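In what follows, a structure is listed as structure tokens, so that the remarks can point back to it.
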Amino acid sequence: MNQIEERKSVDLFCDGACSGNPGPGGWGALLRFRDAEKELSGGEAHTTNNRMELMACIAGLEALKSPCQVRVTTDSQYLAKAFKDGWLEKWQKNGWRTSSKEPVKNRELWERLIALAKAHEVSWHWIRGHAGHPENERCDRLAVEARERMARGA
């Protein structure tokens with residue numbers, strides 16, 4: 001049996017929320033392995049929605065204790081397309097510059113996420129947000145609650 005076949009298969013659902021963009025933000029993640037689930041959330045007092053989308057995924061992957069097969073489901077095209085459409089490879093090849101020669105935003109989070117993703121076998125799945133997807137709605141609630149805590153200064 002090879003290493004990939006031995007890996008646990010885990011679902012990671014993630015979402016971010018921000019008020020003001022930039023402003024107070026929160027993220028929420030849900031990990032599922034068989035019948036076990038773990039909710040994660042956090043936030044920052046002054047951030048952007050894209051940063052919170054990335055942090056939700058980072059936190060979910062960081063919570064895994066061993067290499068896994070991970071199915072990431074997100075409503076963030078920014079996150080999904082960076083991996084699925086080769087944006088990350090292009091940015092790195094161009095010295096972390098976009099096609100318009102601007103520095104890539106959130107580079108430190110992208111680098112952190114790339115390192116985490118390499119430890120796992122990750123597949124990326126985009127879904128439309130606020131469309132009744134139960135796990136996405138749950139992650140959105142976690143993100144909004146964390147954003148509200150940040151806005152209150154908690």
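Chains: A, B, ... in order of the structure tokens. Residues: from 1 per chain. Ligands: from 1, in order shown.
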
Could you build a table of the residues in region 124-153 of chain A lying no more than 7 Å from region 32-56 of chain A, giving for each the nearest pair of atoms and their separation in Å rounded to one decimal place, using only C-alpha atoms, ordered by chain and ascending residue number, as a tab-separated table?
```
residue	atom	partner	partner_atom	distance
A:Leu142	CA	A:Ser41	CA	6.0
A:Ala143	CA	A:Ser41	CA	6.4
A:Ala146	CA	A:Gly42	CA	5.5
A:Arg147	CA	A:Gly43	CA	6.0
A:Met150	CA	A:Ala45	CA	5.1
A:Ala151	CA	A:Ala45	CA	6.5
```

For this session: Skip Cys14 (chain A) itself and residues of its chain fewer than 5 positions away, then list as a count of residues only all residues within 8 Å of it, counting only C-alpha atoms.
Result: 14

Exercise. Which parts of region 86-153 of chain A does DSSP call strand (DSSP E or B) when run on the backbone here, written out as a PyMOL selection string?
Worked result: chain A and resi 97+103+121-126

Could you write out that same residue set with N, CA and C atoms as a PDB file, in the first residue's frame?
```pdb
ATOM      1  N   ARG A  97       5.021  38.783  -8.690  1.00  0.00           N
ATOM      2  CA  ARG A  97       4.379  39.927  -9.338  1.00  0.00           C
ATOM      3  C   ARG A  97       3.202  39.409 -10.149  1.00  0.00           C
ATOM      4  N   PRO A 103       3.106  43.942  -7.115  1.00  0.00           N
ATOM      5  CA  PRO A 103       3.402  42.885  -6.130  1.00  0.00           C
ATOM      6  C   PRO A 103       2.119  42.123  -5.767  1.00  0.00           C
ATOM      7  N   GLU A 121      -2.307  15.942   0.084  1.00  0.00           N
ATOM      8  CA  GLU A 121      -2.811  15.839  -1.286  1.00  0.00           C
ATOM      9  C   GLU A 121      -4.121  16.623  -1.291  1.00  0.00           C
ATOM     10  N   VAL A 122      -4.093  17.819  -1.871  1.00  0.00           N
ATOM     11  CA  VAL A 122      -5.218  18.742  -1.776  1.00  0.00           C
ATOM     12  C   VAL A 122      -5.938  18.865  -3.114  1.00  0.00           C
ATOM     13  N   SER A 123      -7.257  18.801  -3.060  1.00  0.00           N
ATOM     14  CA  SER A 123      -8.071  19.129  -4.233  1.00  0.00           C
ATOM     15  C   SER A 123      -8.919  20.347  -3.864  1.00  0.00           C
ATOM     16  N   TRP A 124      -9.093  21.223  -4.837  1.00  0.00           N
ATOM     17  CA  TRP A 124      -9.742  22.515  -4.617  1.00  0.00           C
ATOM     18  C   TRP A 124     -11.094  22.541  -5.302  1.00  0.00           C
ATOM     19  N   HIS A 125     -12.128  22.961  -4.563  1.00  0.00           N
ATOM     20  CA  HIS A 125     -13.488  22.967  -5.096  1.00  0.00           C
ATOM     21  C   HIS A 125     -14.162  24.291  -4.760  1.00  0.00           C
ATOM     22  N   TRP A 126     -14.588  24.980  -5.792  1.00  0.00           N
ATOM     23  CA  TRP A 126     -15.278  26.256  -5.608  1.00  0.00           C
ATOM     24  C   TRP A 126     -16.781  26.029  -5.631  1.00  0.00           C
TER      25      TRP A 126
END
```

For this session: Could you please write out, as number ranges by chain, every residue of chain A that DSSP assigns to alpha helix (DSSP H)?
Result: A: 3-6, 49-62, 77-84, 87-93, 107-118, 134-152

Would you put the residues from that selection into a file with C-alpha atoms, as a CSV table (one decimal), in the first residue's frame?
```csv
chain,number,residue,atom,x,y,z
A,3,GLN,CA,1.6,6.5,1.2
A,4,ILE,CA,-1.3,8.2,-0.5
A,5,GLU,CA,-3.6,5.2,0.0
A,6,GLU,CA,-2.9,5.3,3.7
A,49,ASN,CA,-11.8,39.6,3.0
A,50,ASN,CA,-9.2,37.9,0.9
A,51,ARG,CA,-6.8,37.6,3.9
A,52,MET,CA,-9.6,36.0,5.9
A,53,GLU,CA,-10.4,33.5,3.1
A,54,LEU,CA,-6.8,32.5,3.1
A,55,MET,CA,-6.6,32.3,6.9
A,56,ALA,CA,-9.6,30.0,7.1
A,57,CYS,CA,-7.8,27.5,4.8
A,58,ILE,CA,-4.5,27.9,6.5
A,59,ALA,CA,-6.0,27.3,9.9
A,60,GLY,CA,-7.8,24.2,8.7
A,61,LEU,CA,-4.7,22.7,7.2
A,62,GLU,CA,-2.6,23.6,10.2
A,77,GLN,CA,-12.5,32.3,-6.4
A,78,TYR,CA,-9.4,34.1,-5.3
A,79,LEU,CA,-8.3,31.0,-3.3
A,80,ALA,CA,-9.6,28.3,-5.7
A,81,LYS,CA,-8.3,29.8,-8.9
A,82,ALA,CA,-4.9,30.5,-7.5
A,83,PHE,CA,-4.4,26.8,-7.2
A,84,LYS,CA,-6.6,25.5,-10.0
A,87,TRP,CA,-2.0,31.8,-10.7
A,88,LEU,CA,0.5,30.8,-8.0
A,89,GLU,CA,3.0,29.3,-10.4
A,90,LYS,CA,2.8,32.4,-12.6
A,91,TRP,CA,3.2,34.7,-9.6
A,92,GLN,CA,6.2,32.8,-8.3
A,93,LYS,CA,7.8,32.6,-11.8
A,107,ARG,CA,2.3,37.0,-0.3
A,108,GLU,CA,3.2,35.8,3.2
A,109,LEU,CA,-0.1,34.0,3.5
A,110,TRP,CA,0.2,32.4,0.1
A,111,GLU,CA,3.7,31.2,0.9
A,112,ARG,CA,2.4,29.7,4.2
A,113,LEU,CA,-0.5,28.1,2.4
A,114,ILE,CA,1.7,26.6,-0.3
A,115,ALA,CA,3.9,25.0,2.3
A,116,LEU,CA,0.9,23.5,4.1
A,117,ALA,CA,-0.7,22.3,0.9
A,118,LYS,CA,2.6,20.5,-0.1
A,134,PRO,CA,-24.9,23.8,4.5
A,135,GLU,CA,-21.2,23.7,5.4
A,136,ASN,CA,-20.5,27.0,3.6
A,137,GLU,CA,-23.3,28.7,5.5
A,138,ARG,CA,-21.9,27.2,8.7
A,139,CYS,CA,-18.4,28.6,8.0
A,140,ASP,CA,-19.9,31.9,7.1
A,141,ARG,CA,-21.7,32.1,10.5
A,142,LEU,CA,-18.4,31.3,12.2
A,143,ALA,CA,-16.6,34.0,10.2
A,144,VAL,CA,-19.3,36.6,10.8
A,145,GLU,CA,-19.3,35.8,14.6
A,146,ALA,CA,-15.5,36.2,14.6
A,147,ARG,CA,-15.7,39.4,12.7
A,148,GLU,CA,-18.2,40.8,15.1
A,149,ARG,CA,-15.9,39.9,18.0
A,150,MET,CA,-13.1,41.8,16.3
A,151,ALA,CA,-15.4,44.8,15.7
A,152,ARG,CA,-16.2,44.9,19.4
```

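Among the candidates A:Ser76, A:Gly153, A:Gly23, A:Ser9, the one nearest to Ile127 (chain A) when counting only C-alpha atoms is A:Ser76.
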